[in-house]
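Asker: Sharing my_file-v7.pdb, PDB, C-alpha atoms, pLDDT in the B column:
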```
ATOM      1  CA  MET B 124     206.010  58.314  89.660  1.00 40.00           C
ATOM      2  CA  LYS B 125     206.310  61.116  92.206  1.00 40.00           C
ATOM      3  CA  PRO B 126     204.849  60.401  95.701  1.00 41.00           C
ATOM      4  CA  LEU B 127     201.973  62.616  96.756  1.00 38.00           C
ATOM      5  CA  SER B 128     202.547  65.193  99.457  1.00 40.00           C
ATOM      6  CA  ALA B 129     200.261  64.978 102.492  1.00 39.00           C
ATOM      7  CA  PRO B 130     197.774  67.614 101.236  1.00 38.00           C
ATOM      8  CA  ASP B 131     197.739  66.058  97.743  1.00 40.00           C
ATOM      9  CA  ALA B 132     197.216  62.574  99.144  1.00 38.00           C
ATOM     10  CA  TRP B 133     194.392  63.806 101.362  1.00 40.00           C
ATOM     11  CA  LYS B 134     192.804  65.713  98.499  1.00 38.00           C
ATOM     12  CA  SER B 135     192.998  62.645  96.280  1.00 38.00           C
ATOM     13  CA  GLU B 136     191.376  60.480  98.965  1.00 41.00           C
ATOM     14  CA  PHE B 137     188.815  63.183  99.695  1.00 44.00           C
ATOM     15  CA  GLU B 138     187.682  63.488  96.085  1.00 42.00           C
ATOM     16  CA  SER B 139     187.418  59.739  95.502  1.00 42.00           C
ATOM     17  CA  SER B 140     186.049  58.613  98.877  1.00 42.00           C
ATOM     18  CA  ALA B 141     183.177  56.157  98.892  1.00 38.00           C
ATOM     19  CA  ALA B 142     180.040  56.523 100.983  1.00 39.00           C
ATOM     20  CA  ALA B 143     181.121  54.090 103.681  1.00 41.00           C
ATOM     21  CA  ALA B 144     184.820  54.905 103.606  1.00 41.00           C
ATOM     22  CA  PRO B 145     185.726  57.685 106.013  1.00 44.00           C
ATOM     23  CA  VAL B 146     187.699  60.569 104.599  1.00 50.00           C
ATOM     24  CA  SER B 147     191.102  60.752 106.206  1.00 51.00           C
ATOM     25  CA  THR B 148     191.990  64.050 107.757  1.00 54.00           C
ATOM     26  CA  PRO B 149     195.028  65.939 106.583  1.00 55.00           C
ATOM     27  CA  ALA B 150     198.207  66.223 108.612  1.00 63.00           C
ATOM     28  CA  ILE B 151     197.689  69.674 110.097  1.00 69.00           C
ATOM     29  CA  GLN B 152     200.343  71.570 112.012  1.00 70.00           C
ATOM     30  CA  GLU B 153     198.193  74.493 113.218  1.00 81.00           C
ATOM     31  CA  ARG B 154     196.514  73.692 116.565  1.00 88.00           C
ATOM     32  CA  ARG B 155     193.384  75.695 115.763  1.00 91.00           C
ATOM     33  CA  LEU B 156     192.903  73.871 112.483  1.00 92.00           C
ATOM     34  CA  ARG B 157     193.214  70.507 114.232  1.00 91.00           C
ATOM     35  CA  GLN B 158     190.497  71.672 116.641  1.00 93.00           C
ATOM     36  CA  VAL B 159     188.310  72.659 113.690  1.00 94.00           C
ATOM     37  CA  VAL B 160     188.710  69.235 112.065  1.00 93.00           C
ATOM     38  CA  GLU B 161     187.848  67.544 115.373  1.00 94.00           C
ATOM     39  CA  MET B 162     184.734  69.718 115.702  1.00 95.00           C
ATOM     40  CA  ILE B 163     183.651  68.850 112.154  1.00 94.00           C
ATOM     41  CA  GLU B 164     184.108  65.156 112.958  1.00 93.00           C
ATOM     42  CA  SER B 165     182.046  65.349 116.141  1.00 93.00           C
ATOM     43  CA  GLU B 166     179.443  67.919 115.047  1.00 92.00           C
ATOM     44  CA  PRO B 167     178.891  67.867 111.276  1.00 89.00           C
ATOM     45  CA  ALA B 168     176.063  70.407 111.604  1.00 93.00           C
ATOM     46  CA  CYS B 169     178.495  73.215 112.571  1.00 93.00           C
ATOM     47  CA  SER B 170     178.779  76.059 110.102  1.00 94.00           C
ATOM     48  CA  ILE B 171     182.089  77.575 109.090  1.00 96.00           C
ATOM     49  CA  ARG B 172     181.068  80.701 110.991  1.00 96.00           C
ATOM     50  CA  ASP B 173     180.500  78.665 114.178  1.00 95.00           C
ATOM     51  CA  LEU B 174     183.820  76.879 113.734  1.00 96.00           C
ATOM     52  CA  ALA B 175     185.647  80.179 113.226  1.00 96.00           C
ATOM     53  CA  LEU B 176     184.081  81.692 116.344  1.00 96.00           C
ATOM     54  CA  ARG B 177     185.180  78.721 118.457  1.00 95.00           C
ATOM     55  CA  VAL B 178     188.828  79.142 117.435  1.00 94.00           C
ATOM     56  CA  SER B 179     188.772  82.965 117.520  1.00 94.00           C
ATOM     57  CA  LEU B 180     189.303  83.536 113.803  1.00 95.00           C
ATOM     58  CA  SER B 181     187.206  85.210 111.159  1.00 96.00           C
ATOM     59  CA  PRO B 182     185.506  82.771 108.768  1.00 97.00           C
ATOM     60  CA  ALA B 183     187.582  84.117 105.860  1.00 97.00           C
ATOM     61  CA  HIS B 184     190.870  83.746 107.744  1.00 96.00           C
ATOM     62  CA  LEU B 185     189.953  80.233 108.887  1.00 96.00           C
ATOM     63  CA  GLN B 186     189.182  79.182 105.335  1.00 97.00           C
ATOM     64  CA  ARG B 187     192.397  80.748 104.043  1.00 96.00           C
ATOM     65  CA  LEU B 188     194.500  78.984 106.708  1.00 94.00           C
ATOM     66  CA  PHE B 189     192.815  75.659 106.014  1.00 94.00           C
ATOM     67  CA  LYS B 190     193.437  75.988 102.281  1.00 94.00           C
ATOM     68  CA  GLN B 191     197.106  76.903 102.890  1.00 93.00           C
ATOM     69  CA  GLN B 192     197.653  73.933 105.229  1.00 91.00           C
ATOM     70  CA  THR B 193     195.737  71.250 103.314  1.00 90.00           C
ATOM     71  CA  GLY B 194     195.317  72.413  99.741  1.00 92.00           C
ATOM     72  CA  SER B 195     191.580  71.764 100.088  1.00 93.00           C
ATOM     73  CA  GLN B 196     188.567  73.910 100.792  1.00 96.00           C
ATOM     74  CA  LEU B 197     187.170  73.829 104.323  1.00 96.00           C
ATOM     75  CA  GLY B 198     183.640  74.015 102.950  1.00 96.00           C
ATOM     76  CA  SER B 199     184.222  70.827 100.958  1.00 95.00           C
ATOM     77  CA  LEU B 200     185.230  68.954 104.100  1.00 95.00           C
ATOM     78  CA  VAL B 201     182.187  70.266 105.986  1.00 96.00           C
ATOM     79  CA  VAL B 202     179.810  69.193 103.197  1.00 96.00           C
ATOM     80  CA  GLU B 203     181.459  65.778 102.832  1.00 96.00           C
ATOM     81  CA  ARG B 204     181.215  65.068 106.569  1.00 96.00           C
ATOM     82  CA  ARG B 205     177.578  66.186 106.650  1.00 97.00           C
ATOM     83  CA  LEU B 206     176.682  63.906 103.766  1.00 97.00           C
ATOM     84  CA  GLN B 207     178.579  60.957 105.260  1.00 96.00           C
ATOM     85  CA  LYS B 208     176.735  61.437 108.547  1.00 96.00           C
ATOM     86  CA  ALA B 209     173.445  61.674 106.652  1.00 97.00           C
ATOM     87  CA  ALA B 210     174.178  58.417 104.807  1.00 96.00           C
ATOM     88  CA  GLN B 211     174.907  56.779 108.137  1.00 96.00           C
ATOM     89  CA  LEU B 212     171.644  58.080 109.628  1.00 96.00           C
ATOM     90  CA  LEU B 213     169.681  56.917 106.581  1.00 96.00           C
ATOM     91  CA  THR B 214     170.945  53.380 107.048  1.00 95.00           C
ATOM     92  CA  LEU B 215     170.878  53.179 110.845  1.00 95.00           C
ATOM     93  CA  SER B 216     167.871  55.244 111.911  1.00 94.00           C
ATOM     94  CA  ASN B 217     164.193  55.647 111.217  1.00 94.00           C
ATOM     95  CA  LEU B 218     164.386  59.447 111.167  1.00 96.00           C
ATOM     96  CA  SER B 219     162.625  61.138 108.282  1.00 96.00           C
ATOM     97  CA  ILE B 220     164.740  62.620 105.509  1.00 96.00           C
ATOM     98  CA  LYS B 221     163.720  66.089 106.667  1.00 96.00           C
ATOM     99  CA  GLU B 222     164.853  65.314 110.236  1.00 97.00           C
ATOM    100  CA  ILE B 223     168.164  63.961 108.952  1.00 97.00           C
ATOM    101  CA  ALA B 224     168.681  67.067 106.808  1.00 97.00           C
ATOM    102  CA  HIS B 225     168.245  69.289 109.863  1.00 96.00           C
ATOM    103  CA  ALA B 226     170.366  67.007 112.074  1.00 95.00           C
ATOM    104  CA  VAL B 227     173.368  67.321 109.745  1.00 96.00           C
ATOM    105  CA  GLY B 228     173.085  71.075 109.327  1.00 95.00           C
ATOM    106  CA  TYR B 229     170.863  71.791 106.335  1.00 96.00           C
ATOM    107  CA  ARG B 230     168.167  74.405 106.899  1.00 94.00           C
ATOM    108  CA  HIS B 231     166.112  73.249 103.920  1.00 95.00           C
ATOM    109  CA  HIS B 232     165.655  69.589 103.146  1.00 93.00           C
ATOM    110  CA  SER B 233     165.518  70.364  99.420  1.00 95.00           C
ATOM    111  CA  SER B 234     169.115  71.654  99.590  1.00 96.00           C
ATOM    112  CA  PHE B 235     170.087  68.479 101.409  1.00 97.00           C
ATOM    113  CA  VAL B 236     168.420  66.262  98.805  1.00 97.00           C
ATOM    114  CA  ARG B 237     170.236  68.056  95.947  1.00 97.00           C
ATOM    115  CA  ALA B 238     173.611  67.799  97.710  1.00 97.00           C
ATOM    116  CA  PHE B 239     173.005  64.141  98.564  1.00 97.00           C
ATOM    117  CA  GLN B 240     172.088  63.331  94.964  1.00 97.00           C
ATOM    118  CA  ARG B 241     175.234  65.051  93.687  1.00 97.00           C
ATOM    119  CA  ARG B 242     177.423  63.110  96.120  1.00 96.00           C
ATOM    120  CA  PHE B 243     175.838  59.646  95.984  1.00 96.00           C
ATOM    121  CA  ALA B 244     174.150  59.778  92.540  1.00 96.00           C
ATOM    122  CA  GLN B 245     170.794  58.875  94.075  1.00 96.00           C
ATOM    123  CA  ALA B 246     168.132  60.431  96.229  1.00 96.00           C
ATOM    124  CA  PRO B 247     168.237  59.826  99.998  1.00 97.00           C
ATOM    125  CA  LYS B 248     164.962  57.910  99.745  1.00 95.00           C
ATOM    126  CA  HIS B 249     166.462  55.479  97.224  1.00 95.00           C
ATOM    127  CA  TYR B 250     169.690  55.216  99.209  1.00 95.00           C
ATOM    128  CA  ARG B 251     167.693  54.163 102.260  1.00 93.00           C
ATOM    129  CA  SER B 252     165.488  51.699 100.378  1.00 89.00           C
ATOM    130  CA  GLN B 253     168.545  50.189  98.666  1.00 85.00           C
ATOM    131  CA  ASP B 254     170.103  49.614 102.088  1.00 67.00           C
ATOM    132  CA  ASP B 255     166.852  48.101 103.379  1.00 61.00           C
ATOM    133  CA  LYS B 256     166.841  45.622 100.460  1.00 59.00           C
ATOM    134  CA  ALA B 257     170.461  44.667 101.164  1.00 58.00           C
ATOM    135  CA  SER B 258     169.594  44.034 104.825  1.00 52.00           C
ATOM    136  CA  VAL B 259     166.671  41.802 103.857  1.00 45.00           C
ATOM    137  CA  ASP B 260     168.886  39.848 101.433  1.00 47.00           C
ATOM    138  CA  ILE B 261     171.474  39.253 104.158  1.00 45.00           C
ATOM    139  CA  ILE B 262     168.809  38.117 106.640  1.00 42.00           C
ATOM    140  CA  ASN B 263     167.228  35.735 104.102  1.00 46.00           C
ATOM    141  CA  ARG B 264     170.527  33.973 103.295  1.00 50.00           C
TER     142      ARG B 264
END
```
Written as structure tokens, that's how I'd like the structure from this file.

Answerer:
Amino acid sequence: MKPLSAPDAWKSEFESSAAAAPVSTPAIQERRLRQVVEMIESEPACSIRDLALRVSLSPAHLQRLFKQQTGSQLGSLVVERRLQKAAQLLTLSNLSIKEIAHAVGYRHHSSFVRAFQRRFAQAPKHYRSQDDKASVDIINR
């Protein structure tokens, strides 16, 4: 069996990551791309356009460079980080789903709900209530 290259390994982890498991970041040589990944980690609400402006690249060029370096789409990483942050906020905060959607960069909460359902196979409301039930079970033990 052939070992995976760094971009392939990252892509494999990225596509199969669980809700609680953080997605590892690819080994990136380009300084500007490392900055972009750090910005995504710290501010998941940033758009690709905002990220590109901060590193003085056009959005198209930034996406092309990211794809060349990692083998993955920049937009996929942005969406994954947003949804991971949203899952975290659903379990740790009392913010409304609409507030969480806006906090992680979605302009319309309906778009957030659809993306969340695709990623976690359940609505944010059910994800939160499932976590609440688990917390109650742990407390009652």

Asker: Determine, for each residue of range 186-210 of chain B having at least one atom at most 10 Å from an atom of range 219-232 of chain B, the closest pair of atoms and their separation in Å to one decimal, counting all atoms listed in the file; order by chain and ascending number, as JSON lines.

Answerer:
```
{"residue": "B:Val201", "atom": "CA", "partner": "B:Gly228", "partner_atom": "CA", "distance": 9.7}
{"residue": "B:Val202", "atom": "CA", "partner": "B:Gly228", "partner_atom": "CA", "distance": 9.3}
{"residue": "B:Arg204", "atom": "CA", "partner": "B:Val227", "partner_atom": "CA", "distance": 8.8}
{"residue": "B:Arg205", "atom": "CA", "partner": "B:Val227", "partner_atom": "CA", "distance": 5.3}
{"residue": "B:Leu206", "atom": "CA", "partner": "B:Val227", "partner_atom": "CA", "distance": 7.6}
{"residue": "B:Gln207", "atom": "CA", "partner": "B:Val227", "partner_atom": "CA", "distance": 9.4}
{"residue": "B:Lys208", "atom": "CA", "partner": "B:Val227", "partner_atom": "CA", "distance": 6.9}
{"residue": "B:Ala209", "atom": "CA", "partner": "B:Ile223", "partner_atom": "CA", "distance": 6.2}
{"residue": "B:Ala210", "atom": "CA", "partner": "B:Ile223", "partner_atom": "CA", "distance": 9.2}
```

Asker: Please report the interatomic distance between CA of Arg187 in chain B and CA of Phe239 in chain B in Å with one decimal.

Answerer: 26.1 Å

Asker: Any idea what's packed within 10 Å of range 177-184 of chain B, counting all atoms listed in the file, ignoring anything in its chain fewer than 6 positions away? Could you give it as an MDAnalysis selection string?

Answerer: chainID B and resid 154:156 158:159 162 170:171 190

Asker: Using Å and a single decimal, report how far CA of Lys248 in chain B sits from CA of Glu166 in chain B.

Answerer: 23.3 Å

Asker: Identify all residues satisfying the PyMOL selection byres ((chain B and resi 249) around 12) in the given file; provide them as a list in words.

Answerer: Ala210, Leu213, Thr214, Ile220, Val236, Phe239, Gln240, Phe243, Ala244, Gln245, Ala246, Pro247, Lys248, Tyr250, Arg251, Ser252, Gln253, Asp254, Asp255 and Lys256 of chain B

Asker: What is the CA of Leu176 in chain B to CA of Ser234 in chain B distance in Å?

Answerer: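 A separation of 24.6 Å between them.
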
Asker: Fix up range 194-208 of chain B with N, CA and C atoms, then write it as a PDB file, in the coordinates of the input.

Answerer:
```
ATOM      1  N   GLY B 194     195.520  72.381 101.186  1.00 92.00           N
ATOM      2  CA  GLY B 194     195.317  72.413  99.741  1.00 92.00           C
ATOM      3  C   GLY B 194     193.872  72.170  99.352  1.00 92.00           C
ATOM      4  N   SER B 195     193.001  72.021 100.335  1.00 93.00           N
ATOM      5  CA  SER B 195     191.580  71.764 100.088  1.00 93.00           C
ATOM      6  C   SER B 195     190.716  72.842 100.729  1.00 93.00           C
ATOM      7  N   GLN B 196     189.518  72.937 100.254  1.00 96.00           N
ATOM      8  CA  GLN B 196     188.567  73.910 100.792  1.00 96.00           C
ATOM      9  C   GLN B 196     187.920  73.371 102.064  1.00 96.00           C
ATOM     10  N   LEU B 197     187.824  74.208 103.075  1.00 96.00           N
ATOM     11  CA  LEU B 197     187.170  73.829 104.323  1.00 96.00           C
ATOM     12  C   LEU B 197     185.702  73.484 104.074  1.00 96.00           C
ATOM     13  N   GLY B 198     185.050  74.264 103.254  1.00 96.00           N
ATOM     14  CA  GLY B 198     183.640  74.015 102.950  1.00 96.00           C
ATOM     15  C   GLY B 198     183.408  72.635 102.354  1.00 96.00           C
ATOM     16  N   SER B 199     184.344  72.167 101.556  1.00 95.00           N
ATOM     17  CA  SER B 199     184.222  70.827 100.958  1.00 95.00           C
ATOM     18  C   SER B 199     184.274  69.742 102.024  1.00 95.00           C
ATOM     19  N   LEU B 200     185.145  69.922 103.006  1.00 95.00           N
ATOM     20  CA  LEU B 200     185.230  68.954 104.100  1.00 95.00           C
ATOM     21  C   LEU B 200     183.943  68.967 104.920  1.00 95.00           C
ATOM     22  N   VAL B 201     183.427  70.149 105.203  1.00 96.00           N
ATOM     23  CA  VAL B 201     182.187  70.266 105.986  1.00 96.00           C
ATOM     24  C   VAL B 201     181.049  69.551 105.258  1.00 96.00           C
ATOM     25  N   VAL B 202     180.891  69.820 103.977  1.00 96.00           N
ATOM     26  CA  VAL B 202     179.810  69.193 103.197  1.00 96.00           C
ATOM     27  C   VAL B 202     179.985  67.679 103.151  1.00 96.00           C
ATOM     28  N   GLU B 203     181.203  67.224 102.909  1.00 96.00           N
ATOM     29  CA  GLU B 203     181.459  65.778 102.832  1.00 96.00           C
ATOM     30  C   GLU B 203     181.115  65.093 104.146  1.00 96.00           C
ATOM     31  N   ARG B 204     181.519  65.667 105.261  1.00 96.00           N
ATOM     32  CA  ARG B 204     181.215  65.068 106.569  1.00 96.00           C
ATOM     33  C   ARG B 204     179.711  65.059 106.831  1.00 96.00           C
ATOM     34  N   ARG B 205     179.033  66.141 106.470  1.00 97.00           N
ATOM     35  CA  ARG B 205     177.578  66.186 106.650  1.00 97.00           C
ATOM     36  C   ARG B 205     176.898  65.075 105.858  1.00 97.00           C
ATOM     37  N   LEU B 206     177.318  64.913 104.617  1.00 97.00           N
ATOM     38  CA  LEU B 206     176.682  63.906 103.766  1.00 97.00           C
ATOM     39  C   LEU B 206     177.022  62.489 104.223  1.00 97.00           C
ATOM     40  N   GLN B 207     178.230  62.275 104.715  1.00 96.00           N
ATOM     41  CA  GLN B 207     178.579  60.957 105.260  1.00 96.00           C
ATOM     42  C   GLN B 207     177.732  60.637 106.492  1.00 96.00           C
ATOM     43  N   LYS B 208     177.566  61.620 107.348  1.00 96.00           N
ATOM     44  CA  LYS B 208     176.735  61.437 108.547  1.00 96.00           C
ATOM     45  C   LYS B 208     175.290  61.162 108.141  1.00 96.00           C
TER      46      LYS B 208
END
```
